[in-house]
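Everything below concerns the one structure shown next.
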Amino acid sequence: MCCPVRSFHSRCIAMPSARILIRRRSISRSVCTAVIAGLFLQGGCATIKAPTWPWSKNPAADKTVAGELGEDGDSSVISSEFNPVEQDFGWDYFKGENIKKRWKKVVGRGPNEPVARKALAEADGLFRDRKYAEASKKYKVAIDRWPDSVIEEDALWQLAECWFFMDKYPKAEDCYDELVKKYANSRYLDRVAQRQFVIAQYWIALDQKHNYMTIVPNLADRSRPLFDTRGRAIKAYDHVRINDPRGPLADDSIMAQANAHFVDRQWLDADYFYSLLRTEYPDSDFLLQAHLLGLQAKLRAYQGPGYEGGILDEAEMLADQTIVQFPDQLTGDEAERVQTTRAAIAAQQATRHWNRAEFYAKGEHYTSARIYYSLLARDYPKTMLAQQARDRLEKYNGLEDVSDNPFPMLTAMLNPDSLKEAELDAMAEADTMIAREDNSGIAPPLR
């Protein structure tokens, strides 16, 4: 068994030796660090080389020249247009767009301003040489490598122009629309509207000439959409108005849309766009035409006395408004046409009153019949039915309405107040109808 005193003495001797060894190691490490630092200071940063990327296409792409990254360089580029993007959390992390961005960054195809500027400059040169197909590829590279920037805006415009001059109008129209959607205040806004308007006119002219089937695909003509040439033209007109509602072609696009619907006998759609032009663009050069054609669209959209007659009331008001608003601008033929239309509207209104009056007269509801006969004779005295309405008023004068109660004696015995209530309801309904049709100005019309 070992003596405790000897053991303690041996440990006391070993401790100073261990301390000396630790000090020697720390001194040697300090000397090595100083030697390495001296070597770096003597050689400078030129001895540090950029790493070789595994996805590089050629060794030249790995070099850094004048501070510019190669095509496959790192995507973290410092630029005056660089805006740090917050990391996506939650379900946004798995969106297709975010996954695509992360993948492009992993493979070295992320945002890179120098590469985008170089591609844009090369594409502009090709565009000036009218090599539109080659230029479009370069513009796509510029759009892809530096999004959300002025470079992308310029590249989108030039790419759309390439499609336009290559007669690929569907792609051009889509690219114009994408440009305005992403850059609402783009400096190319007025020129985009001009291009879209011209494309829409071309498609409408083609459709009117050839009468293309909507469901038949277009597999030969690259200047037309795959389906529905006319529908795409109407959509292009819509883009002109929506993208630049106060631009010089906004009212032109609305008028063109309305005329296209009018030619295709789509009266309600034509009436909508003519009304939109009258309300939203009162200073338009097409204002008179919008009144005249809108009047015709409303009259043709009316389906007869058996249907709702609100559009006929609107046509009557529009005819009166046209006569009052354009007394000096209407030519002799146009003024005569408006008066003829006004007379046709009055005849249709008289027919509606006559049919209602006859309906109530056949059911022996003479009070209601007399109301409509009176309205017809008062409001439309120049129509052919006015005199017949006066004759019917004399015929049904003093006649009592048929009772809707199958057991009048039993009702009078069990519920005597119901007869008075029914009579009061009928009188109130008659008063309401008379007030609604009152045009004298004494009482406000009820709507």
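Quick note on naming: the chains in the structure tokens go A, B, ... in the order shown, residues restart at 1 in each chain, and ligands are numbered from 1 in order of appearance.
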Please identify all polymer residues within 8 Å of A:Tyr281, counting only C-alpha atoms, omitting same-chain residues fewer than 5 positions from it, and present them as a CSV table (one decimal) with C-alpha atoms, in the first residue's frame.
chain,number,residue,atom,x,y,z
A,251,ASP,CA,-62.4,56.1,-75.5
A,276,LEU,CA,-69.8,53.5,-70.5
A,287,LEU,CA,-70.1,61.1,-77.9
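Among A:Ala301, A:Val402, A:Leu156, A:Cys162, the residue with the shortest atom-to-atom distance to A:Arg128, counting only C-alpha atoms, is A:Cys162.
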Notebook entry, point to check: Hey, what's within 12 Å of stretch 347-351 of chain A if we count only C-alpha atoms and toss same-chain stuff fewer than 4 positions away? As number ranges by chain, please?
Noted result: A: 299-300, 302-316, 340-343, 355-358, 372-389, 437
With N, CA and C atoms retained, could you export that selection as a tab-separated table (two decimals), in the first residue's frame?
chain	number	residue	atom	x	y	z
A	299	LEU	N	-83.10	49.78	-78.37
A	299	LEU	CA	-84.36	49.44	-79.02
A	299	LEU	C	-84.34	48.01	-79.54
A	300	ARG	N	-83.19	47.56	-80.04
A	300	ARG	CA	-83.10	46.19	-80.54
A	300	ARG	C	-82.97	45.17	-79.42
A	302	TYR	N	-84.70	45.27	-76.73
A	302	TYR	CA	-86.04	45.09	-76.17
A	302	TYR	C	-86.71	43.89	-76.84
A	303	GLN	N	-87.23	42.97	-76.05
A	303	GLN	CA	-87.72	41.70	-76.57
A	303	GLN	C	-89.23	41.65	-76.76
A	304	GLY	N	-89.95	42.67	-76.38
A	304	GLY	CA	-91.39	42.65	-76.61
A	304	GLY	C	-92.18	42.98	-75.36
A	305	PRO	N	-93.50	43.16	-75.49
A	305	PRO	CA	-94.34	43.56	-74.35
A	305	PRO	C	-94.45	42.48	-73.27
A	306	GLY	N	-94.13	41.24	-73.62
A	306	GLY	CA	-94.21	40.19	-72.62
A	306	GLY	C	-92.99	40.08	-71.74
A	307	TYR	N	-91.99	40.95	-71.93
A	307	TYR	CA	-90.75	40.90	-71.18
A	307	TYR	C	-90.55	42.22	-70.41
A	308	GLU	N	-89.49	42.25	-69.64
A	308	GLU	CA	-89.18	43.42	-68.82
A	308	GLU	C	-88.95	44.63	-69.72
A	309	GLY	N	-89.51	45.77	-69.31
A	309	GLY	CA	-89.46	46.95	-70.16
A	309	GLY	C	-88.58	48.07	-69.66
A	310	GLY	N	-87.65	47.77	-68.75
A	310	GLY	CA	-86.78	48.82	-68.24
A	310	GLY	C	-85.89	49.42	-69.31
A	311	ILE	N	-85.39	48.57	-70.21
A	311	ILE	CA	-84.50	49.08	-71.26
A	311	ILE	C	-85.27	49.97	-72.22
A	312	LEU	N	-86.58	49.76	-72.36
A	312	LEU	CA	-87.39	50.64	-73.21
A	312	LEU	C	-87.54	52.02	-72.58
A	313	ASP	N	-87.67	52.05	-71.25
A	313	ASP	CA	-87.70	53.35	-70.56
A	313	ASP	C	-86.37	54.08	-70.72
A	314	GLU	N	-85.26	53.34	-70.65
A	314	GLU	CA	-83.95	53.96	-70.84
A	314	GLU	C	-83.81	54.50	-72.26
A	315	ALA	N	-84.33	53.77	-73.23
A	315	ALA	CA	-84.26	54.24	-74.62
A	315	ALA	C	-85.07	55.52	-74.81
A	316	GLU	N	-86.20	55.60	-74.16
A	316	GLU	CA	-87.02	56.81	-74.25
A	316	GLU	C	-86.29	58.02	-73.67
A	340	THR	N	-88.02	59.30	-85.50
A	340	THR	CA	-88.66	58.03	-85.86
A	340	THR	C	-88.49	56.99	-84.76
A	341	THR	N	-87.27	56.93	-84.20
A	341	THR	CA	-87.01	56.01	-83.10
A	341	THR	C	-87.85	56.38	-81.88
A	342	ARG	N	-87.96	57.67	-81.63
A	342	ARG	CA	-88.80	58.12	-80.50
A	342	ARG	C	-90.25	57.69	-80.68
A	343	ALA	N	-90.77	57.79	-81.89
A	343	ALA	CA	-92.14	57.35	-82.17
A	343	ALA	C	-92.28	55.84	-82.01
A	355	ASN	N	-101.71	45.88	-73.51
A	355	ASN	CA	-101.73	44.47	-73.14
A	355	ASN	C	-102.08	44.29	-71.66
A	356	ARG	N	-101.54	45.12	-70.81
A	356	ARG	CA	-101.88	45.03	-69.38
A	356	ARG	C	-103.35	45.36	-69.14
A	357	ALA	N	-103.83	46.40	-69.79
A	357	ALA	CA	-105.24	46.77	-69.62
A	357	ALA	C	-106.16	45.65	-70.10
A	358	GLU	N	-105.84	45.05	-71.23
A	358	GLU	CA	-106.66	43.96	-71.73
A	358	GLU	C	-106.62	42.75	-70.80
A	372	TYR	N	-104.74	51.56	-66.73
A	372	TYR	CA	-103.83	51.45	-67.85
A	372	TYR	C	-104.39	52.08	-69.12
A	373	TYR	N	-105.71	51.99	-69.32
A	373	TYR	CA	-106.30	52.69	-70.46
A	373	TYR	C	-106.10	54.20	-70.34
A	374	SER	N	-106.24	54.70	-69.12
A	374	SER	CA	-106.06	56.14	-68.89
A	374	SER	C	-104.62	56.56	-69.13
A	375	LEU	N	-103.69	55.76	-68.65
A	375	LEU	CA	-102.28	56.08	-68.87
A	375	LEU	C	-101.94	56.07	-70.36
A	376	LEU	N	-102.47	55.12	-71.09
A	376	LEU	CA	-102.20	55.04	-72.53
A	376	LEU	C	-102.74	56.27	-73.25
A	377	ALA	N	-103.98	56.64	-72.92
A	377	ALA	CA	-104.58	57.79	-73.61
A	377	ALA	C	-103.91	59.10	-73.24
A	378	ARG	N	-103.39	59.19	-72.02
A	378	ARG	CA	-102.78	60.44	-71.57
A	378	ARG	C	-101.34	60.58	-72.06
A	379	ASP	N	-100.53	59.52	-71.93
A	379	ASP	CA	-99.10	59.63	-72.23
A	379	ASP	C	-98.77	59.44	-73.70
A	380	TYR	N	-99.58	58.70	-74.43
A	380	TYR	CA	-99.28	58.41	-75.83
A	380	TYR	C	-100.51	58.72	-76.69
A	381	PRO	N	-100.93	59.98	-76.74
A	381	PRO	CA	-102.17	60.32	-77.46
A	381	PRO	C	-102.04	60.22	-78.97
A	382	LYS	N	-100.80	60.23	-79.49
A	382	LYS	CA	-100.62	60.21	-80.94
A	382	LYS	C	-100.49	58.80	-81.51
A	383	THR	N	-100.57	57.79	-80.67
A	383	THR	CA	-100.46	56.42	-81.15
A	383	THR	C	-101.82	55.91	-81.63
A	384	MET	N	-101.80	54.82	-82.38
A	384	MET	CA	-103.03	54.25	-82.92
A	384	MET	C	-103.89	53.63	-81.83
A	385	LEU	N	-103.29	53.24	-80.72
A	385	LEU	CA	-104.05	52.59	-79.65
A	385	LEU	C	-104.70	53.60	-78.71
A	386	ALA	N	-104.38	54.87	-78.84
A	386	ALA	CA	-104.93	55.87	-77.91
A	386	ALA	C	-106.44	55.98	-78.04
A	387	GLN	N	-106.95	56.06	-79.26
A	387	GLN	CA	-108.40	56.18	-79.46
A	387	GLN	C	-109.12	54.92	-79.00
A	388	GLN	N	-108.55	53.75	-79.23
A	388	GLN	CA	-109.16	52.51	-78.75
A	388	GLN	C	-109.20	52.48	-77.23
A	389	ALA	N	-108.18	53.04	-76.58
A	389	ALA	CA	-108.17	53.09	-75.12
A	389	ALA	C	-109.29	53.99	-74.61
A	437	GLU	N	-96.42	56.84	-62.91
A	437	GLU	CA	-96.49	57.23	-64.30
A	437	GLU	C	-96.78	58.72	-64.49
Out of stretch 270-399 of chain A, which residues get alpha helix (DSSP H) from DSSP, as a PDB file with C-alpha atoms, in the first residue's frame?
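To be explicit, this is the file written out as part-v1.pdb:
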ATOM      1  CA  ALA A 270     -73.027  47.029 -77.249  1.00  0.00           C
ATOM      2  CA  ASP A 271     -75.421  49.058 -75.102  1.00  0.00           C
ATOM      3  CA  TYR A 272     -73.144  48.581 -72.068  1.00  0.00           C
ATOM      4  CA  PHE A 273     -70.053  49.970 -73.811  1.00  0.00           C
ATOM      5  CA  TYR A 274     -71.963  52.835 -75.442  1.00  0.00           C
ATOM      6  CA  SER A 275     -73.308  53.749 -71.990  1.00  0.00           C
ATOM      7  CA  LEU A 276     -69.794  53.473 -70.530  1.00  0.00           C
ATOM      8  CA  LEU A 277     -68.477  55.881 -73.127  1.00  0.00           C
ATOM      9  CA  ARG A 278     -71.272  58.390 -72.477  1.00  0.00           C
ATOM     10  CA  THR A 279     -70.779  58.351 -68.701  1.00  0.00           C
ATOM     11  CA  GLU A 280     -66.982  58.042 -68.367  1.00  0.00           C
ATOM     12  CA  LEU A 287     -70.150  61.116 -77.883  1.00  0.00           C
ATOM     13  CA  LEU A 288     -72.818  61.776 -80.530  1.00  0.00           C
ATOM     14  CA  GLN A 289     -72.252  58.387 -82.167  1.00  0.00           C
ATOM     15  CA  ALA A 290     -72.469  56.740 -78.748  1.00  0.00           C
ATOM     16  CA  HIS A 291     -75.912  58.335 -78.252  1.00  0.00           C
ATOM     17  CA  LEU A 292     -77.236  57.399 -81.686  1.00  0.00           C
ATOM     18  CA  LEU A 293     -75.906  53.845 -81.766  1.00  0.00           C
ATOM     19  CA  GLY A 294     -76.741  53.314 -78.095  1.00  0.00           C
ATOM     20  CA  LEU A 295     -80.331  54.275 -78.840  1.00  0.00           C
ATOM     21  CA  GLN A 296     -80.500  51.698 -81.612  1.00  0.00           C
ATOM     22  CA  ALA A 297     -78.877  49.047 -79.390  1.00  0.00           C
ATOM     23  CA  LYS A 298     -81.432  49.604 -76.622  1.00  0.00           C
ATOM     24  CA  LEU A 299     -84.359  49.440 -79.020  1.00  0.00           C
ATOM     25  CA  ARG A 300     -83.101  46.194 -80.538  1.00  0.00           C
ATOM     26  CA  ALA A 301     -82.369  44.673 -77.140  1.00  0.00           C
ATOM     27  CA  GLY A 310     -86.776  48.820 -68.237  1.00  0.00           C
ATOM     28  CA  ILE A 311     -84.496  49.077 -71.263  1.00  0.00           C
ATOM     29  CA  LEU A 312     -87.387  50.636 -73.205  1.00  0.00           C
ATOM     30  CA  ASP A 313     -87.697  53.346 -70.556  1.00  0.00           C
ATOM     31  CA  GLU A 314     -83.955  53.960 -70.838  1.00  0.00           C
ATOM     32  CA  ALA A 315     -84.260  54.237 -74.621  1.00  0.00           C
ATOM     33  CA  GLU A 316     -87.017  56.810 -74.251  1.00  0.00           C
ATOM     34  CA  MET A 317     -84.880  58.902 -71.920  1.00  0.00           C
ATOM     35  CA  LEU A 318     -81.843  58.582 -74.203  1.00  0.00           C
ATOM     36  CA  ALA A 319     -83.833  59.721 -77.234  1.00  0.00           C
ATOM     37  CA  ASP A 320     -85.009  62.836 -75.405  1.00  0.00           C
ATOM     38  CA  GLN A 321     -81.476  63.485 -74.149  1.00  0.00           C
ATOM     39  CA  THR A 322     -80.033  63.199 -77.657  1.00  0.00           C
ATOM     40  CA  ILE A 323     -82.484  65.725 -79.057  1.00  0.00           C
ATOM     41  CA  VAL A 324     -81.794  68.196 -76.250  1.00  0.00           C
ATOM     42  CA  GLN A 325     -77.997  67.762 -76.040  1.00  0.00           C
ATOM     43  CA  GLY A 332     -81.293  66.357 -91.066  1.00  0.00           C
ATOM     44  CA  ASP A 333     -81.233  62.585 -91.569  1.00  0.00           C
ATOM     45  CA  GLU A 334     -79.981  61.926 -88.025  1.00  0.00           C
ATOM     46  CA  ALA A 335     -82.620  64.170 -86.454  1.00  0.00           C
ATOM     47  CA  GLU A 336     -85.335  62.480 -88.504  1.00  0.00           C
ATOM     48  CA  ARG A 337     -84.001  59.063 -87.467  1.00  0.00           C
ATOM     49  CA  VAL A 338     -84.091  60.029 -83.787  1.00  0.00           C
ATOM     50  CA  GLN A 339     -87.674  61.251 -84.118  1.00  0.00           C
ATOM     51  CA  THR A 340     -88.663  58.029 -85.862  1.00  0.00           C
ATOM     52  CA  THR A 341     -87.013  56.014 -83.098  1.00  0.00           C
ATOM     53  CA  ARG A 342     -88.795  58.118 -80.498  1.00  0.00           C
ATOM     54  CA  ALA A 343     -92.142  57.350 -82.166  1.00  0.00           C
ATOM     55  CA  ALA A 344     -91.292  53.622 -82.280  1.00  0.00           C
ATOM     56  CA  ILE A 345     -90.504  53.672 -78.555  1.00  0.00           C
ATOM     57  CA  ALA A 346     -93.833  55.418 -77.839  1.00  0.00           C
ATOM     58  CA  ALA A 347     -95.667  52.754 -79.862  1.00  0.00           C
ATOM     59  CA  GLN A 348     -93.940  49.977 -77.878  1.00  0.00           C
ATOM     60  CA  GLN A 349     -94.827  51.649 -74.563  1.00  0.00           C
ATOM     61  CA  ALA A 350     -98.443  52.039 -75.670  1.00  0.00           C
ATOM     62  CA  THR A 351     -98.560  48.370 -76.607  1.00  0.00           C
ATOM     63  CA  ARG A 352     -97.323  47.418 -73.132  1.00  0.00           C
ATOM     64  CA  HIS A 353    -100.084  49.492 -71.479  1.00  0.00           C
ATOM     65  CA  TRP A 354    -102.691  48.091 -73.852  1.00  0.00           C
ATOM     66  CA  ASN A 355    -101.734  44.470 -73.135  1.00  0.00           C
ATOM     67  CA  ARG A 356    -101.879  45.035 -69.385  1.00  0.00           C
ATOM     68  CA  ALA A 357    -105.236  46.765 -69.621  1.00  0.00           C
ATOM     69  CA  GLU A 358    -106.656  43.955 -71.734  1.00  0.00           C
ATOM     70  CA  PHE A 359    -105.322  41.382 -69.283  1.00  0.00           C
ATOM     71  CA  TYR A 360    -107.140  43.032 -66.356  1.00  0.00           C
ATOM     72  CA  ALA A 361    -110.285  43.611 -68.423  1.00  0.00           C
ATOM     73  CA  LYS A 362    -110.530  39.924 -69.327  1.00  0.00           C
ATOM     74  CA  TYR A 366    -112.048  46.868 -64.377  1.00  0.00           C
ATOM     75  CA  THR A 367    -110.438  49.313 -61.955  1.00  0.00           C
ATOM     76  CA  SER A 368    -106.920  48.207 -62.903  1.00  0.00           C
ATOM     77  CA  ALA A 369    -107.896  48.076 -66.580  1.00  0.00           C
ATOM     78  CA  ARG A 370    -109.191  51.642 -66.471  1.00  0.00           C
ATOM     79  CA  ILE A 371    -105.863  52.779 -64.928  1.00  0.00           C
ATOM     80  CA  TYR A 372    -103.829  51.454 -67.855  1.00  0.00           C
ATOM     81  CA  TYR A 373    -106.299  52.685 -70.463  1.00  0.00           C
ATOM     82  CA  SER A 374    -106.065  56.142 -68.890  1.00  0.00           C
ATOM     83  CA  LEU A 375    -102.280  56.082 -68.874  1.00  0.00           C
ATOM     84  CA  LEU A 376    -102.198  55.043 -72.527  1.00  0.00           C
ATOM     85  CA  ALA A 377    -104.583  57.787 -73.608  1.00  0.00           C
ATOM     86  CA  ARG A 378    -102.779  60.437 -71.572  1.00  0.00           C
ATOM     87  CA  ASP A 379     -99.097  59.629 -72.227  1.00  0.00           C
ATOM     88  CA  LEU A 385    -104.046  52.593 -79.651  1.00  0.00           C
ATOM     89  CA  ALA A 386    -104.929  55.870 -77.911  1.00  0.00           C
ATOM     90  CA  GLN A 387    -108.397  56.182 -79.462  1.00  0.00           C
ATOM     91  CA  GLN A 388    -109.155  52.513 -78.752  1.00  0.00           C
ATOM     92  CA  ALA A 389    -108.170  53.086 -75.121  1.00  0.00           C
ATOM     93  CA  ARG A 390    -110.662  55.971 -74.853  1.00  0.00           C
ATOM     94  CA  ASP A 391    -113.396  53.773 -76.271  1.00  0.00           C
ATOM     95  CA  ARG A 392    -112.651  51.067 -73.716  1.00  0.00           C
ATOM     96  CA  LEU A 393    -112.753  53.619 -70.911  1.00  0.00           C
ATOM     97  CA  GLU A 394    -116.300  54.564 -71.911  1.00  0.00           C
ATOM     98  CA  LYS A 395    -117.232  50.890 -72.208  1.00  0.00           C
ATOM     99  CA  TYR A 396    -115.946  49.872 -68.779  1.00  0.00           C
TER     100      TYR A 396
END
In terms of only C-alpha atoms, the residue from A:Met413, A:Leu206, A:Cys175, A:Leu268 at minimal distance from A:Ala155 is A:Cys175
